[in-house]
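Below you'll find the structure, written out as structure tokens, and then a few comments.
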Amino acid sequence: MKDKKVAIVGAGIGGLATACLLSKKGFDVTVFEKNEQPGGRCSIFEKDGFLFDMGPSWYLMPDVFEHFFDLVGEKIQDHLDLIKLNPSYRVFFKDEGPTVDLFADLEKDAPVFEKLEKGSFKKIKEYMKKSEEHYRIAMDKFIYKNYDSIFDFFSLDLIIEGLKLNILSKMQSYVERYVKDSRIQKLLQYQLVFLGNSPYNAPAIYNIMSHVDFNMGVFYPQGGIYKITEALVNISKKYGAKYRLNTPVSKINTEDGKVTGLTTNKGDEIPFDIVISNADLHHTETSLLSEEDRSYDQKYWDKRVLAPSGLVLYLGVEGKIDNALHHNLIFSKDWKKNFSQIFDRPVWPDDPSFYICVPSKTDPSVAPEGKENMFVFVPIASDLDYSEEQLGTYADRIISTIQKEMGIPDLNKRILVKRIFCVKDFKDRYNSFRGSALGLAHTLFQTAIFRPDNTSKKVGGLFYTGGNTNPGIGVPMCLISAELAYKRIIKNKNAGPLNKL
Ligand SMILES: Cc1cc2nc3c(=O)[nH]c(=O)nc-3n(C[C@H](O)[C@H](O)[C@H](O)COP(=O)(O)OP(=O)(O)OC[C@H]3O[C@@H](n4cnc5c(N)ncnc54)[C@H](O)[C@@H]3O)c2cc1C
């Protein structure tokens, strides 16, 4: 394979993981990244001794990470110093009380469920048992799979398995079958935001996220989530992958329906046999390819449902924050209105649910001694328009809400470092379509066979990887997307275990 020259556009998790697989297999790999560092959404920002993970903070689905490291012949513990968070997270119910901690241990979590709804624990156990069963089916039959056609997807075997997964009902109605209390319903559904979806629109198959959350638990690599990026860069470099940072690609070149190479923004035209784009799919298709080479037309993009964007605050805080755990969630009372203001009537949510991460609670290396590192993520509509003044005012409102709900009355006065990142930054930094934080939402018609494929329909030798292809959003899914693209490239679309790479 040494004679095959491969270019990867974008050093996000999908691009880096594909670089690991292909370089290990012997391909001559070069990764082109527009930004100053690898990682894409999984990169870092450092200021005055505070080290902020810019995007992901939840290390979920450890089985998927183990599988990937195994695939490239590495021991995960040689790269990541993982700890299991205990409790996993704390939830503050605005106006609905009480504040609760969840442990990813059903017996320990039982009193929380019983306190919120008497007699609910028996139903929760049934729900979790099903979630675990659904997770296994999804992993074994659907997620690690490339599909060529609708017939491939709707085989009798998969129809039978798919029906077991409640593909046709929505999460909200599915959860209502088990519990009545709106706070428990929220606990079982907030994970959908990780998939860019609302409970009123997400197919019930995504109850598998409850197994991930309540049975498998939440982990953290010491040093920060960016350690995952570093590990993937190190592994790919070990096998010869080269990196060109600060090098945006401006064109993917083709001839007679086949890829011939790419052109960088500096005008360098470089020949390649294979190109894999990990850049945002809409950007790749509409900015890097000429019209006749595009797999998807404008009508297609007009109909896509985008995952939310987000208002992100990176705060360096003087002194310690006693009331916070590593992961904290503040839930609004009117859940339905909040989702509607994100997905149906885009406005700044007037009573938002949001997430606060304080990784310095577990990891002293991410903040100077005696200070806290605080990351806040407020889901908002993708493409929301705003002035800088509106952004600043909304950010202040969020800080006031944290002060009140988490009982930190002087938070505002203790802020030493403050950076705001929002819709326009997602567009500028990642070329993200409509400034979405996560990409295409996981609606039924943007899942599996209905999600953009990892192979160009028009150009031979052109492949896609990352959150906008299969299986979808999130760091573990992007690792799988790399494996799926790799199987396409080696022309064995559903190769079995690959640890003999
Ligand atoms: C705020 C936030 C919180 C999140 N929290 C979690 C979490 O807790 N857990 C989790 O698992 N996931 C989380 N996610 C999702 C996860 O980060 C993403 O799904 C994943 O990192 C996306 O990886 P990707 O492979 O799609 O590449 P991306 O991260 O999208 O990277 C693509 C890369 O392509 C580059 N690029 C774009 N255009 C060009 C070009 N023309 N030339 C060269 N390079 C280009 C970009 O600069 C970027 O580096 C979060 C995301 C965000 C934004």
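A note on labels: chains of the structure tokens are A, B, ... as shown, every chain counts residues from 1, and ligands are counted from 1 in their shown order.
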
Please give me, as a compact mmCIF listing (two decimals) with N, CA and C atoms, in the first residue's frame, the residues lying within 6 Å of ligand 1 when counting only C-alpha atoms and all ligand atoms.
# COMPACT_ATOMS: atom_id res chain seq x y z
N VAL A 9 -8.64 15.36 4.73
CA VAL A 9 -8.95 16.78 4.89
C VAL A 9 -9.63 16.95 6.24
N GLY A 10 -8.94 17.56 7.19
CA GLY A 10 -9.54 17.78 8.51
C GLY A 10 -8.98 16.80 9.53
N ALA A 11 -8.49 17.36 10.65
CA ALA A 11 -7.92 16.51 11.71
C ALA A 11 -8.86 16.42 12.90
N GLY A 12 -10.17 16.27 12.63
CA GLY A 12 -11.11 15.96 13.70
C GLY A 12 -10.93 14.49 14.09
N ILE A 13 -11.72 14.03 15.06
CA ILE A 13 -11.57 12.65 15.54
C ILE A 13 -11.70 11.64 14.39
N GLY A 14 -12.68 11.86 13.50
CA GLY A 14 -12.87 10.93 12.37
C GLY A 14 -11.65 10.91 11.47
N GLY A 15 -11.07 12.08 11.20
CA GLY A 15 -9.89 12.16 10.33
C GLY A 15 -8.67 11.51 10.99
N PHE A 32 -4.42 17.22 6.28
CA PHE A 32 -4.44 18.69 6.09
C PHE A 32 -5.47 19.28 7.04
N GLU A 33 -5.04 20.20 7.87
CA GLU A 33 -5.97 20.79 8.85
C GLU A 33 -5.90 22.31 8.75
N LYS A 34 -7.06 22.92 8.67
CA LYS A 34 -7.09 24.39 8.53
C LYS A 34 -6.66 25.11 9.81
N ASN A 35 -6.92 24.52 10.97
CA ASN A 35 -6.62 25.22 12.23
C ASN A 35 -5.18 24.99 12.69
N GLY A 39 -7.57 17.92 16.13
CA GLY A 39 -8.63 17.59 17.08
C GLY A 39 -10.01 18.08 16.66
N GLY A 40 -10.07 19.12 15.78
CA GLY A 40 -11.38 19.65 15.41
C GLY A 40 -12.10 20.11 16.65
N ARG A 41 -13.34 19.66 16.81
CA ARG A 41 -14.10 20.06 18.01
C ARG A 41 -13.40 19.59 19.28
N CYS A 42 -12.56 18.59 19.15
CA CYS A 42 -11.86 18.01 20.30
C CYS A 42 -10.47 18.64 20.40
N GLY A 55 -14.48 21.30 23.20
CA GLY A 55 -15.76 20.67 22.88
C GLY A 55 -16.11 19.56 23.85
N PRO A 56 -15.84 18.31 23.45
CA PRO A 56 -16.30 17.18 24.27
C PRO A 56 -15.76 17.19 25.69
N SER A 57 -16.57 16.72 26.62
CA SER A 57 -16.12 16.59 28.00
C SER A 57 -16.59 15.27 28.61
N TRP A 58 -17.55 14.59 27.95
CA TRP A 58 -18.05 13.31 28.47
C TRP A 58 -17.35 12.18 27.71
N TYR A 59 -16.63 11.33 28.43
CA TYR A 59 -16.03 10.14 27.83
C TYR A 59 -17.02 9.01 28.08
N PRO A 248 -5.67 25.10 5.18
CA PRO A 248 -7.01 24.78 4.66
C PRO A 248 -6.92 24.24 3.23
N VAL A 249 -7.75 23.27 2.95
CA VAL A 249 -7.85 22.76 1.58
C VAL A 249 -8.90 23.62 0.88
N SER A 250 -8.63 24.05 -0.35
CA SER A 250 -9.63 24.88 -1.03
C SER A 250 -10.33 24.11 -2.14
N ASN A 278 -12.82 14.76 6.22
CA ASN A 278 -13.39 14.76 7.57
C ASN A 278 -13.96 16.15 7.87
N ALA A 279 -13.78 17.07 6.92
CA ALA A 279 -14.35 18.41 7.10
C ALA A 279 -15.86 18.30 7.03
N ASP A 280 -16.55 19.27 7.57
CA ASP A 280 -18.01 19.30 7.54
C ASP A 280 -18.50 18.90 6.13
N ARG A 429 -14.55 28.57 12.76
CA ARG A 429 -13.44 27.70 13.16
C ARG A 429 -13.52 26.32 12.49
N TYR A 430 -14.76 25.80 12.30
CA TYR A 430 -14.88 24.42 11.79
C TYR A 430 -15.57 24.34 10.43
N ASN A 431 -15.89 25.47 9.81
CA ASN A 431 -16.69 25.47 8.57
C ASN A 431 -18.00 24.72 8.77
N ALA A 437 -23.29 22.93 16.36
CA ALA A 437 -22.17 22.46 17.19
C ALA A 437 -21.83 21.02 16.84
N LEU A 438 -22.82 20.27 16.36
CA LEU A 438 -22.64 18.82 16.25
C LEU A 438 -22.82 18.24 14.86
N GLY A 466 -16.37 11.05 9.93
CA GLY A 466 -16.73 12.05 10.95
C GLY A 466 -18.22 12.05 11.27
N GLY A 467 -18.61 13.03 12.06
CA GLY A 467 -19.95 13.05 12.64
C GLY A 467 -21.12 13.18 11.67
N ILE A 473 -22.94 11.39 15.45
CA ILE A 473 -22.34 12.39 16.34
C ILE A 473 -21.69 11.78 17.58
N GLY A 474 -20.60 12.42 18.02
CA GLY A 474 -19.95 12.02 19.28
C GLY A 474 -18.60 11.38 18.98
N VAL A 475 -17.69 11.48 19.95
CA VAL A 475 -16.34 10.96 19.74
C VAL A 475 -16.36 9.45 19.45
N PRO A 476 -17.07 8.64 20.25
CA PRO A 476 -17.06 7.19 19.93
C PRO A 476 -17.60 6.90 18.53
N CYS A 478 -17.48 8.81 15.95
CA CYS A 478 -16.51 9.23 14.93
C CYS A 478 -15.38 8.21 14.80

Counting only C-alpha atoms, which residues in region 44-93 of chain A sit no more than 12 Å from region 110-132 of chain A? For each one, give the nearest pair of atoms and the distance in Å, sorted by chain then residue number, as CSV.
residue,atom,partner,partner_atom,distance
A:Arg90,CA,A:Val112,CA,11.5
A:Val91,CA,A:Val112,CA,11.0
A:Phe93,CA,A:Leu116,CA,11.3

Report as an MDAnalysis selection string: the residues of region 225-401 of chain A with a DSSP assignment of helix (DSSP H, G or I), based on the backbone of this structure.
-> chainID A and resid 226:238 281:288 291:293 298:302 335:343 359:361 364:366 388:401

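When CA of Ile420 (chain A) is paired with CA of Glu369 (chain A), their separation reads 23.5 Å.
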
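Residues of region 334-445 of chain A that DSSP, applied to the backbone, places in strand (DSSP E): Phe354, Tyr355, Ile356, Cys357, Lys371, Glu372, Asn373, Met374, Phe375, Val376, Phe377, Val378, Pro379, Ile380, Ile415, Leu416, Val417, Lys418, Arg419, Ile420 and Phe421 of chain A.
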
Dump C-alpha atoms for the selected residues as a short mmCIF file (atom, residue, chain, number, x, y, z; two decimals), in the first residue's frame?
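Saved file selection28.cif follows:
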data_model
loop_
_atom_site.label_atom_id
_atom_site.label_comp_id
_atom_site.auth_asym_id
_atom_site.auth_seq_id
_atom_site.Cartn_x
_atom_site.Cartn_y
_atom_site.Cartn_z
CA PHE A 354 -27.80 23.63 30.10
CA TYR A 355 -24.62 21.90 31.16
CA ILE A 356 -21.70 22.97 33.36
CA CYS A 357 -18.44 21.06 33.49
CA LYS A 371 -8.92 27.89 41.09
CA GLU A 372 -11.61 26.17 39.03
CA ASN A 373 -11.96 25.49 35.32
CA MET A 374 -15.58 25.90 34.23
CA PHE A 375 -17.04 25.05 30.81
CA VAL A 376 -20.69 25.91 30.11
CA PHE A 377 -22.70 24.67 27.13
CA VAL A 378 -26.16 26.08 26.40
CA PRO A 379 -27.87 24.41 23.41
CA ILE A 380 -29.37 27.02 21.07
CA ILE A 415 -14.22 35.19 36.89
CA LEU A 416 -10.56 35.62 35.86
CA VAL A 417 -10.77 34.26 32.32
CA LYS A 418 -13.83 34.44 30.09
CA ARG A 419 -14.18 33.40 26.46
CA ILE A 420 -17.50 33.16 24.63
CA PHE A 421 -17.88 30.83 21.63
#

With distances taken over only C-alpha atoms, which of A:Ser43, A:Ser360, A:Thr401, A:Gln37 is nearest to Gly316 (chain A)?
-> A:Ser360

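Our summary of the geometry notes that CA of Leu391 (chain A) is positioned 16.4 Å from CA of Asp428 (chain A).
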
Excluding region 479-491 of chain A and any residue of its chain fewer than 3 positions from it, enumerate the residues within 10 Å of it, using only C-alpha atoms, and give them as an NGL selection string.
-> :A and (13-22 or 25 or 64-65 or 67-69 or 71 or 143-147 or 274 or 276 or 278 or 453-455 or 461-476 or 494-496 or 498)

If you count only C-alpha atoms, which residues fall within 9 Å of Lys361 (chain A), apart from same-chain ones fewer than 6 positions away, as a list of chain:residue names?
-> A:Lys320, A:Ile321, A:Ala324, A:Leu325, A:His326, A:Glu372, A:Asn373

Residues near region 216-226 of chain A, cut-off 6 Å, only C-alpha atoms, skip fewer than 2 positions along chain, as a PyMOL selection string = chain A and resi 43+59-60+80-85+88+104+212-214+228-229

For the selection just defined, write its residues with N, CA and C atoms to a file, as a PDB file, in the first residue's frame.
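To be explicit, this is the file written out as result_24.pdb:
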ATOM      1  N   SER A  43     -10.426  19.978  20.431  1.00  0.00           N
ATOM      2  CA  SER A  43      -9.123  20.630  20.591  1.00  0.00           C
ATOM      3  C   SER A  43      -9.098  21.389  21.920  1.00  0.00           C
ATOM      4  N   TYR A  59     -16.626  11.333  28.428  1.00  0.00           N
ATOM      5  CA  TYR A  59     -16.028  10.136  27.829  1.00  0.00           C
ATOM      6  C   TYR A  59     -17.017   9.012  28.077  1.00  0.00           C
ATOM      7  N   LEU A  60     -17.790   8.694  27.042  1.00  0.00           N
ATOM      8  CA  LEU A  60     -18.843   7.682  27.168  1.00  0.00           C
ATOM      9  C   LEU A  60     -18.508   6.497  26.259  1.00  0.00           C
ATOM     10  N   LEU A  80      -4.140   6.607  27.748  1.00  0.00           N
ATOM     11  CA  LEU A  80      -5.113   7.381  28.531  1.00  0.00           C
ATOM     12  C   LEU A  80      -5.157   6.881  29.971  1.00  0.00           C
ATOM     13  N   ASP A  81      -5.122   7.830  30.903  1.00  0.00           N
ATOM     14  CA  ASP A  81      -5.224   7.492  32.319  1.00  0.00           C
ATOM     15  C   ASP A  81      -6.688   7.730  32.705  1.00  0.00           C
ATOM     16  N   LEU A  82      -7.492   6.682  32.517  1.00  0.00           N
ATOM     17  CA  LEU A  82      -8.947   6.850  32.666  1.00  0.00           C
ATOM     18  C   LEU A  82      -9.406   6.635  34.098  1.00  0.00           C
ATOM     19  N   ILE A  83     -10.336   7.505  34.542  1.00  0.00           N
ATOM     20  CA  ILE A  83     -10.974   7.240  35.828  1.00  0.00           C
ATOM     21  C   ILE A  83     -12.490   7.268  35.625  1.00  0.00           C
ATOM     22  N   LYS A  84     -13.200   6.468  36.438  1.00  0.00           N
ATOM     23  CA  LYS A  84     -14.658   6.476  36.366  1.00  0.00           C
ATOM     24  C   LYS A  84     -15.170   7.496  37.374  1.00  0.00           C
ATOM     25  N   LEU A  85     -16.009   8.404  36.907  1.00  0.00           N
ATOM     26  CA  LEU A  85     -16.518   9.441  37.809  1.00  0.00           C
ATOM     27  C   LEU A  85     -17.590   8.849  38.727  1.00  0.00           C
ATOM     28  N   SER A  88     -21.568  10.167  38.733  1.00  0.00           N
ATOM     29  CA  SER A  88     -21.361  10.541  37.330  1.00  0.00           C
ATOM     30  C   SER A  88     -21.624  12.027  37.130  1.00  0.00           C
ATOM     31  N   ALA A 104     -24.545   5.894  38.033  1.00  0.00           N
ATOM     32  CA  ALA A 104     -24.346   4.782  37.095  1.00  0.00           C
ATOM     33  C   ALA A 104     -24.253   3.465  37.869  1.00  0.00           C
ATOM     34  N   VAL A 212     -25.916   3.559  28.176  1.00  0.00           N
ATOM     35  CA  VAL A 212     -24.588   4.184  28.175  1.00  0.00           C
ATOM     36  C   VAL A 212     -24.402   5.005  29.457  1.00  0.00           C
ATOM     37  N   ASP A 213     -25.430   5.748  29.814  1.00  0.00           N
ATOM     38  CA  ASP A 213     -25.359   6.676  30.941  1.00  0.00           C
ATOM     39  C   ASP A 213     -25.499   5.956  32.290  1.00  0.00           C
ATOM     40  N   PHE A 214     -26.576   5.192  32.442  1.00  0.00           N
ATOM     41  CA  PHE A 214     -26.898   4.644  33.771  1.00  0.00           C
ATOM     42  C   PHE A 214     -26.234   3.303  34.069  1.00  0.00           C
ATOM     43  N   ILE A 228      -7.265  12.311  24.091  1.00  0.00           N
ATOM     44  CA  ILE A 228      -7.705  11.373  23.035  1.00  0.00           C
ATOM     45  C   ILE A 228      -7.111  11.830  21.702  1.00  0.00           C
ATOM     46  N   THR A 229      -7.200  13.145  21.437  1.00  0.00           N
ATOM     47  CA  THR A 229      -6.624  13.697  20.208  1.00  0.00           C
ATOM     48  C   THR A 229      -5.140  13.372  20.145  1.00  0.00           C
TER      49      THR A 229
END

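Considering only C-alpha atoms, the residue among A:Glu230, A:Asp268, A:Lys94, A:Asp385 positioned nearest to Pro352 (chain A) is A:Lys94.
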
Any idea what's packed within 10 Å of Lys238 (chain A), counting only C-alpha atoms, ignoring anything in its chain fewer than 5 positions away? Could you give it as a PyMOL selection string?
-> chain A and resi 20+23-24+232-233

Residue contacts of Tyr386 (chain A) (10 Å, only C-alpha atoms) excluding same-chain residues fewer than 5 positions away, as a VMD selection string = chain A and resid 347 to 348 391 422 to 424

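When CA of Ile205 (chain A) is paired with CA of Leu168 (chain A), their separation reads 8.4 Å.
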
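The closest residue to Asn201 (chain A), picked from A:Lys170, A:Glu96, A:Leu281, A:Ile399 and counting only C-alpha atoms, is A:Lys170.
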